[in-house]
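These notes are about the structure you will find just below.
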Amino acid sequence: MTSKAFSLCQLDETRPGCQSCRTSSIHGNCSDPYCMTRICTQLNQTQCCDFMWDETCALAASQICVPEVVPMYSDELSCPLGFVCNEDLTQKALCSEIREIPQKFLIGDVFGGVYCPEGKIGMENCPKGKYCPSPVEQLNCPAGYFCPYKTATPEISCPGCKEGATALERDIGIQVIIILFVIVIIVGTIASIIYKRTKHLVAKQVEVLSYRLVGENSAKAQKAKQNQLDKLRPKLAVIAKRLEDLDKESGKDSKNLIKISKTEGEDEKLEFDARGIFDALDTNNDGDLQYAELNAVLGFDDEELEVFCTSMNKAADAKEIKNTKEDSVSRPVFVNNFLKALEGTVNLKVTPAEAAEIYDTILAENQVKEVQESMLYTSVLSNTLSDYEIMLLIKKFRQVNAIDEESPSSNRQESRKSSVFRRHTGIAREIFVLHYPTFLMQVYTEKDAVDTSEGVDICFKDLCLEVTVAKKQINVVNNVTGRLRAKTMTALMGGSGAGKTSLLNALCGRAYYGNIIGDTYINGTKKQIEEIKDVIGFVPQDDVVYAELTVRENLMFAGKLSLPRGTDMDEIEDLADSTLANLGLSRVAKSLVGDVKRRGVSGGEKKRVNIGLELMSRPKCLFLDEPTSGLDSSSALLVMSSLKNLVSSEGVTIVTVIHQPRKFIFDLFDALVLLGVGGNTVYSGPAKGAYDYFVGLDYVLPPGEALADWLIDISAGQIHPDPKVAATKDQEKDDDDDQLMAITPRMMTEAVGKKGVAMGKAKEAITDAAMRREWLYKEWQKYFDGLDNEQKSIYEVPAETEVPGAKDKQRFFSQLWTQLRRIVLVSYRNLTAKLVDTIILIVAAVIISLVSGLPEISRNDNPSIEFETLVSFDQTSAPGIVAQLFKYAATIQQTYPLQIGLITAVLVGLQASRILTSKQLEFFRETSSGYDSNAYLLAVNIMATLETSVQIVIVALIAAMLREPVASWGVFFAHFLAMAWTVVSWSLLFPMVMPAENVSTVLGAFFAFFGLLLSGAVPPIGFGKIYGGDIVEHLSAWLSVTRFFLEGMAASEHRCLPEQSGWTVSEESINFDRANTLMAYRRFSYARHDPNATLYDCGGWYWGILPTIFIGITVRYLGFLAMHGFNRGKQTKKPVFHEIQKDGKCGILVVVLLLVLIGLIAFTTWLYTRDLEADYEYVGIEKWVQTGLEQNLTELRETLNLTDWNISDIPNLLEMNADLDTAALTRVTLPTGEFPDEFMNQPDPTLVPIVDPNVDPNVDPDLLNGTLRALMSAAWNGTCECPCSEQN
């Protein structure tokens, strides 16, 4: 009998079916035994202890007795639909009322999504693919949604799910888009690689073919030579006629020296014999031909003759063939250079028609509509003009404003598209034809520019470089005295271990590894070399240049970074043009420098680019460390000739370490410093005087041996003076008192010790190399001390002149912008490699997402709750009940975030580190040259962050599309980007503290080890231990890049589940203890510092983003400190400790920087350890009555006129439930047919007439009727027997 039937019978036993009430009920009366205890005893309503309840008892029952427990009858063989029953099938309770209990007490809809099927005594979770709005309803999940177990309302979006889907399904359209996207990227990258590879092979093949086609013996080369002769035909004809006239006087035959031949079917050909012409003109047969004598045949005017002589001499210098006299030409020079010099002189006077022909030829060669400036370097003009002369020609075209660079033009804009800088704009045809003849004459006749500045003169006395080796102080440069005269080129030479590079470093202020002792004078003023560091350039031995940039771009960026503040772009461009021309690089200005991965310029050209980088800072003194290393003889000569030209044209003082230079290179040097082992001076003075000095020490230069090799062997003690020379000098008496070079065996004996003076003993004494070197050192000191004042003047400190001051360097943001432009350009040139890296990331994300599958939100785990526990929901039973209700949702969402986070971190980290490791040498060089390292580091940080952000956004998008997350896609983007920020931070720190070759290994191990061990997802370190407050929490936060990523991804997914899942709580459920949610369960222990994480929100959980950002900032700041603290030697800087000792301000700065680091660490630690305040009201389970029942019981008190009650007298429902004893109840048999169905199913309005009219008229009838529906039959205390009679 239901509560409704009992209530009706209590009011009117005459109703049908009520006669058997006493016999059919459990206790033989019509009362509800569960509710009677509460009403009679707890409320102290004695009238409810009687058999028959009045309206007051019924009303009280409706307010308190929830859920109502009613007896079952013998014909109910199973638990009906919508009810839960005890195991004996003696009692039942309505599931809907049980569901309302926690909601009524503001605990939340924890029973939402349960289903109470017929025949099952307990509750079950609503199955997958269904949703259960009530315990008796089970509906198909609509299309576009996914309904996991225990779904009350469809809320999880699933675009790919059909109606009733039992699992999350991916959208087919999205999968197709991803597949096509990946295919396009992969195919595009492969095509790009194949294209570049093919282009490289084609270029290589073209080079081979070109070499064959333009070789000396090729038909094309012969034709080109013949074309040259044809152009000279008129002049050669005149020369031939004059030679014939000379033949008449000398009797020689020169008819066949210049002749015209013609065969049938072919054009006329000119044949020219340079050797024969020279012999015909060399009447005295001395091998030299005076220019004036030569002009009798050439017939040049004064201007032409001057140009001809200049061309011959320049060509001779370039080909290592020297004239014996300046006013004459030798036979080899004439034979090798006559035609070219003659052609240049003949072309000196060009007509407008010839200028037009030249212009049209350049157009045809380049297939353009207008000649660009850069084309002149590779045009027919290069046959007769040098790069420097062509540059002067271009400048003259600019001076007449042939090109208005300020006005927009299509050609100028097109040129700028291919370069990050201005220049190489067009030259109009009419301008070229009009001005070329005049400009050409000016270029030929103008003298080369000569620098008129004072230059930099460096004089050093007793210079030592002291280093510590095995705790001992050793001089690697020992008391070296010398002078680097302004506008000269000095060679530092010596054998291995002679200290050449050490002396170079000591002179240019780069000897960071030792202590420099001695006096240094700059332009006559005693100063430290560091004081003029801004006007000093240093060229390292290795060609440290940007391989991804063109030759011109390298120089332009160097100029932008090193020239003084305020230098405009036009000035930088002009300097770049001049540097390119002086170094002979104008023809390859647009070519990539290249490296082993990409084709570029030749080794010699790369070496000159290496020099050009330093020249862009306009140094007054240039130091070079073996600039000819690795070059062939021709390239080496071209490099050194370019340097020699800088001495005269730019006034640069050049000092270079050089190893075994050939004769023509050695002749370029003005001075020589020759060192022996241990950094001792063997010779220091004019380069031309070295030979005479060592000859004076009885050394003999073997025939055919290079002078430089001979000098090095002497300095190393490998050869000894010739004994025959020594013996001869011992027998002869030298009467010349001024002869300082002569040396006798007696002098040698004094130098080496008591070895005797005889020839044999002297030879024995100098056999030992060490003794020979020691003898050489003493001999030099003796020679130097014996110089007179005039001879010593070349070593003395010069008169004081102006010392170059410090440059006003570029501003920080100017350098930052320049660095960013260069890094962007380098990245663009490496686009194929970047695409490959991105493809690897995408493929990894796709594979992990597909293998991991879609998230498992819930599992088939029905709650197992006893009947007595369900109907007595109190503080004690609540935790056990919710644990059973929530266990279906206790699924782990950590595997996928851990997998994709770890792989992404390793791949992104290795890629990001390359931006520093691949350019580590370039960074060290530029920092040593005075570039702002902070601007470079910031630019690298910006670029690395942007690059990885683009990659990560793509990866996050693909991962989100394949994963089909329950929460917002914004979670993927935010947490992926935050993790990438930290990964890049670590990737930029490691290259600062270790060699580049070790970074990949260490970085990969770091991310993999700590990202796995301290992620919180792998035992024994879970989030419970991380939040334990010990050192693990800090190690995990700082060292594991996946820690916040994993927690954020997992918590965001769980936070999007409704409160019946146990993960979240609605804001209205203010009495639910958040500590009982699965979010705080010890197995997961997510978000312990953020109580708001338990609030239902599909927008995601972002608590870990801010700590992640500041961890990244702190690590990057640590990288900034590491940049200034580590590898200082490679940046040619002294250790920090040394700088602190030297300057107290440096110590203060270090303290400030360390305090900032400590502050960042402290603030970041506070961010991830602080407990956030809750954004909701939480009252607590101990106040359920006051908050959950206060309103209902207040209404009850007013209705029952219980005016004498205080709020403290309101009974605690949960305590009432605890007093119930349902086990004592027994089941009775119900007579058949006593309660017809039509009676049981009467609608609620039928109760209205039953209300006693004597009740207070102010009472709401609807309220009373609603109460009566739920009234129990009578109060029963278990000891009092109240016999029921029909009269009662």
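Residue names in the structure tokens use chain letters A, B, ... in the order shown, residue numbers from 1 in each chain, and ligand numbers from 1 in the order shown.
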Exercise: A:Leu1057 partners within 9 Å, only C-alpha atoms, chain neighbours under 4 positions left out, as a VMD selection string: chain A and resid 155 to 156 857 966 to 967 1053 1061 to 1064 1096 to 1098
Okay, now the selection with N, CA and C atoms, as a PDB file, in the first residue's frame?
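What follows is the written file selection.pdb:
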ATOM      1  N   GLU A 155      24.743  16.994 -23.074  1.00  0.00           N
ATOM      2  CA  GLU A 155      25.503  18.238 -23.003  1.00  0.00           C
ATOM      3  C   GLU A 155      26.828  18.178 -23.738  1.00  0.00           C
ATOM      4  N   ILE A 156      27.352  16.994 -24.002  1.00  0.00           N
ATOM      5  CA  ILE A 156      28.660  16.845 -24.643  1.00  0.00           C
ATOM      6  C   ILE A 156      28.484  16.851 -26.155  1.00  0.00           C
ATOM      7  N   ILE A 857      35.169   8.894 -21.332  1.00  0.00           N
ATOM      8  CA  ILE A 857      34.641   9.787 -20.307  1.00  0.00           C
ATOM      9  C   ILE A 857      34.131   9.009 -19.097  1.00  0.00           C
ATOM     10  N   VAL A 966      36.270  17.059 -24.902  1.00  0.00           N
ATOM     11  CA  VAL A 966      34.989  17.403 -24.307  1.00  0.00           C
ATOM     12  C   VAL A 966      34.953  18.898 -24.013  1.00  0.00           C
ATOM     13  N   ALA A 967      36.073  19.443 -23.544  1.00  0.00           N
ATOM     14  CA  ALA A 967      36.144  20.860 -23.210  1.00  0.00           C
ATOM     15  C   ALA A 967      36.397  21.681 -24.468  1.00  0.00           C
ATOM     16  N   GLU A1053      39.234  18.650 -19.184  1.00  0.00           N
ATOM     17  CA  GLU A1053      38.304  17.641 -19.684  1.00  0.00           C
ATOM     18  C   GLU A1053      37.300  17.235 -18.603  1.00  0.00           C
ATOM     19  N   SER A1061      28.588  13.473 -12.383  1.00  0.00           N
ATOM     20  CA  SER A1061      29.780  12.669 -12.645  1.00  0.00           C
ATOM     21  C   SER A1061      30.700  12.619 -11.428  1.00  0.00           C
ATOM     22  N   GLY A1062      30.548  13.587 -10.549  1.00  0.00           N
ATOM     23  CA  GLY A1062      31.403  13.637  -9.374  1.00  0.00           C
ATOM     24  C   GLY A1062      32.636  14.481  -9.535  1.00  0.00           C
ATOM     25  N   TRP A1063      32.887  14.958 -10.760  1.00  0.00           N
ATOM     26  CA  TRP A1063      34.062  15.793 -10.988  1.00  0.00           C
ATOM     27  C   TRP A1063      33.783  17.252 -10.663  1.00  0.00           C
ATOM     28  N   THR A1064      32.556  17.687 -10.881  1.00  0.00           N
ATOM     29  CA  THR A1064      32.240  19.099 -10.724  1.00  0.00           C
ATOM     30  C   THR A1064      31.057  19.286  -9.787  1.00  0.00           C
ATOM     31  N   TYR A1096      31.519  23.474 -12.513  1.00  0.00           N
ATOM     32  CA  TYR A1096      31.266  23.010 -13.880  1.00  0.00           C
ATOM     33  C   TYR A1096      31.514  24.145 -14.866  1.00  0.00           C
ATOM     34  N   ASP A1097      32.398  23.890 -15.855  1.00  0.00           N
ATOM     35  CA  ASP A1097      32.727  24.899 -16.848  1.00  0.00           C
ATOM     36  C   ASP A1097      33.425  24.214 -18.013  1.00  0.00           C
ATOM     37  N   CYS A1098      32.849  24.273 -19.191  1.00  0.00           N
ATOM     38  CA  CYS A1098      33.452  23.654 -20.378  1.00  0.00           C
ATOM     39  C   CYS A1098      34.441  24.585 -21.065  1.00  0.00           C
TER      40      CYS A1098
END
Shell around A:Ser629 at 12 Å using only C-alpha atoms, local window under 5 positions removed, as a PyMOL selection string: chain A and resi 540-543+603-604+606-607+624+635-637+639-640+656-661
With C-alpha atoms kept, could you save the residues just selected as a tab-separated table (two decimals), in the first residue's frame?
chain	number	residue	atom	x	y	z
A	540	PRO	CA	89.17	35.06	-37.05
A	541	GLN	CA	90.87	32.20	-38.81
A	542	ASP	CA	87.60	30.41	-39.47
A	543	ASP	CA	85.21	31.99	-41.93
A	603	GLY	CA	86.76	29.53	-50.40
A	604	GLY	CA	88.76	32.61	-51.29
A	606	LYS	CA	84.28	33.48	-48.44
A	607	LYS	CA	87.54	34.46	-46.77
A	624	LEU	CA	93.79	38.87	-38.91
A	635	SER	CA	93.11	32.95	-53.77
A	636	ALA	CA	95.63	33.69	-51.02
A	637	LEU	CA	97.36	36.29	-53.20
A	639	VAL	CA	93.08	38.13	-50.40
A	640	MET	CA	96.38	39.65	-49.36
A	656	THR	CA	98.18	39.42	-39.61
A	657	VAL	CA	99.41	36.06	-38.51
A	658	ILE	CA	100.48	34.26	-41.65
A	659	HIS	CA	101.90	30.82	-42.16
A	660	GLN	CA	104.37	30.09	-44.94
A	661	PRO	CA	103.42	32.85	-47.39
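If you measure from each of A:Val69, A:Thr438, A:Pro1135, A:Glu124 to A:Ala93 using only C-alpha atoms, the closest one turns out to be A:Val69.
Pairwise distance (atom CA of A:Ala296, atom CA of A:Asn337) equals 18.5 Å.
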Calculate how many Å separate atom CA of A:Glu774 from atom CA of A:Phe623, rounding to one decimal. 28.6 Å
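Residues of stretch 948-1166 of chain A carrying a DSSP assignment of strand (DSSP E), computed from the backbone, are Ala1017, Val1018, Ile1021 and Gly1022 of chain A.
Distance check against A:Leu376 using only C-alpha atoms: of A:Leu243, A:Leu393, A:Ile712, A:Val350, the minimum falls on A:Leu393.
For the pair atom CA of A:Glu169 and atom CA of A:Leu854, the interatomic distance is 7.6 Å.
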Could you pull the residues within 9 Å of stretch 998-1015 of chain A, counting only C-alpha atoms, minus those fewer than 2 positions along the same chain, as a PyMOL selection string? chain A and resi 898+901-903+905-907+909-910+913-914+917+983+986-987+990-991+994-996+1017-1023+1026+1032-1033+1035-1037+1039-1047
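Residue nearest A:Met375 within the list A:Asp387, A:Asp462, A:Glu926, A:Glu779: A:Asp387 [criterion: smallest interatomic distance, only C-alpha atoms].
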Neighbours of A:Thr567 within 10 Å (only C-alpha atoms; same-chain residues fewer than 6 positions away dropped), as a PyMOL selection string? chain A and resi 559-560+810
Please produce an output containing N, CA and C atoms for each residue in the selection, written as a PDB file, in the first residue's frame.
ATOM      1  N   GLY A 559      77.238  46.348 -41.292  1.00  0.00           N
ATOM      2  CA  GLY A 559      77.295  47.801 -41.220  1.00  0.00           C
ATOM      3  C   GLY A 559      76.208  48.382 -40.341  1.00  0.00           C
ATOM      4  N   LYS A 560      75.009  47.858 -40.461  1.00  0.00           N
ATOM      5  CA  LYS A 560      73.893  48.350 -39.642  1.00  0.00           C
ATOM      6  C   LYS A 560      74.157  48.152 -38.154  1.00  0.00           C
ATOM      7  N   GLN A 810      75.033  52.013 -32.047  1.00  0.00           N
ATOM      8  CA  GLN A 810      73.611  51.976 -32.374  1.00  0.00           C
ATOM      9  C   GLN A 810      72.787  51.729 -31.117  1.00  0.00           C
TER      10      GLN A 810
END
Find the residues around A:Lys128 up to 12 Å (only C-alpha atoms counted), leave out those fewer than 6 positions away in its own chain, and share them as an mmCIF file with C-alpha atoms, in the first residue's frame.
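Full text of part33.cif as output:
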data_model
loop_
_atom_site.group_PDB
_atom_site.id
_atom_site.type_symbol
_atom_site.label_atom_id
_atom_site.label_comp_id
_atom_site.auth_asym_id
_atom_site.auth_seq_id
_atom_site.Cartn_x
_atom_site.Cartn_y
_atom_site.Cartn_z
ATOM 1 C CA GLY A 113 21.258 10.233 -14.721
ATOM 2 C CA VAL A 114 20.346 7.169 -12.647
ATOM 3 C CA GLN A 138 15.413 6.297 -20.986
ATOM 4 C CA LEU A 139 15.746 8.166 -24.309
ATOM 5 C CA ASN A 140 18.145 7.937 -27.265
ATOM 6 C CA CYS A 141 20.933 10.496 -27.279
ATOM 7 C CA TYR A 145 25.744 14.748 -28.962
ATOM 8 C CA PHE A 146 27.373 11.994 -27.026
ATOM 9 C CA CYS A 147 25.777 10.590 -23.897
ATOM 10 C CA PRO A 148 28.146 8.632 -21.643
ATOM 11 C CA TYR A 149 26.971 6.561 -18.730
ATOM 12 C CA LYS A 150 24.704 8.331 -16.211
ATOM 13 C CA THR A 151 23.625 11.156 -18.496
ATOM 14 C CA ALA A 152 20.638 13.184 -17.360
ATOM 15 C CA PRO A 154 22.749 15.651 -23.384
ATOM 16 C CA GLU A 163 21.586 9.298 -32.725
ATOM 17 C CA GLY A 164 22.190 6.842 -29.918
ATOM 18 C CA ALA A 165 25.970 6.733 -30.507
ATOM 19 C CA THR A 166 27.653 4.642 -27.836
ATOM 20 C CA ALA A 167 31.092 6.197 -28.300
ATOM 21 C CA LEU A 168 32.619 9.486 -29.372
ATOM 22 C CA GLU A 856 36.888 7.578 -22.383
ATOM 23 C CA ILE A 857 34.641 9.787 -20.307
ATOM 24 C CA SER A 858 32.948 7.069 -18.226
ATOM 25 C CA ARG A 859 32.796 3.329 -17.695
ATOM 26 C CA ASN A 860 30.098 0.766 -16.978
ATOM 27 C CA ASP A 861 30.300 0.699 -13.202
ATOM 28 C CA TYR A 888 31.697 5.261 -13.039
#
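Distances from A:Ala944, A:Ala769, A:Val601, A:Met489 to A:Ser827 were compared using only C-alpha atoms, and the smallest one belongs to A:Ala944.
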Within 8 Å of A:Gln893, counting only C-alpha atoms, which residues show up once you throw out same-chain ones fewer than 2 positions away? Write them as a ChimeraX atom specification, please. /A:855-856,891,895-897,1050,1053
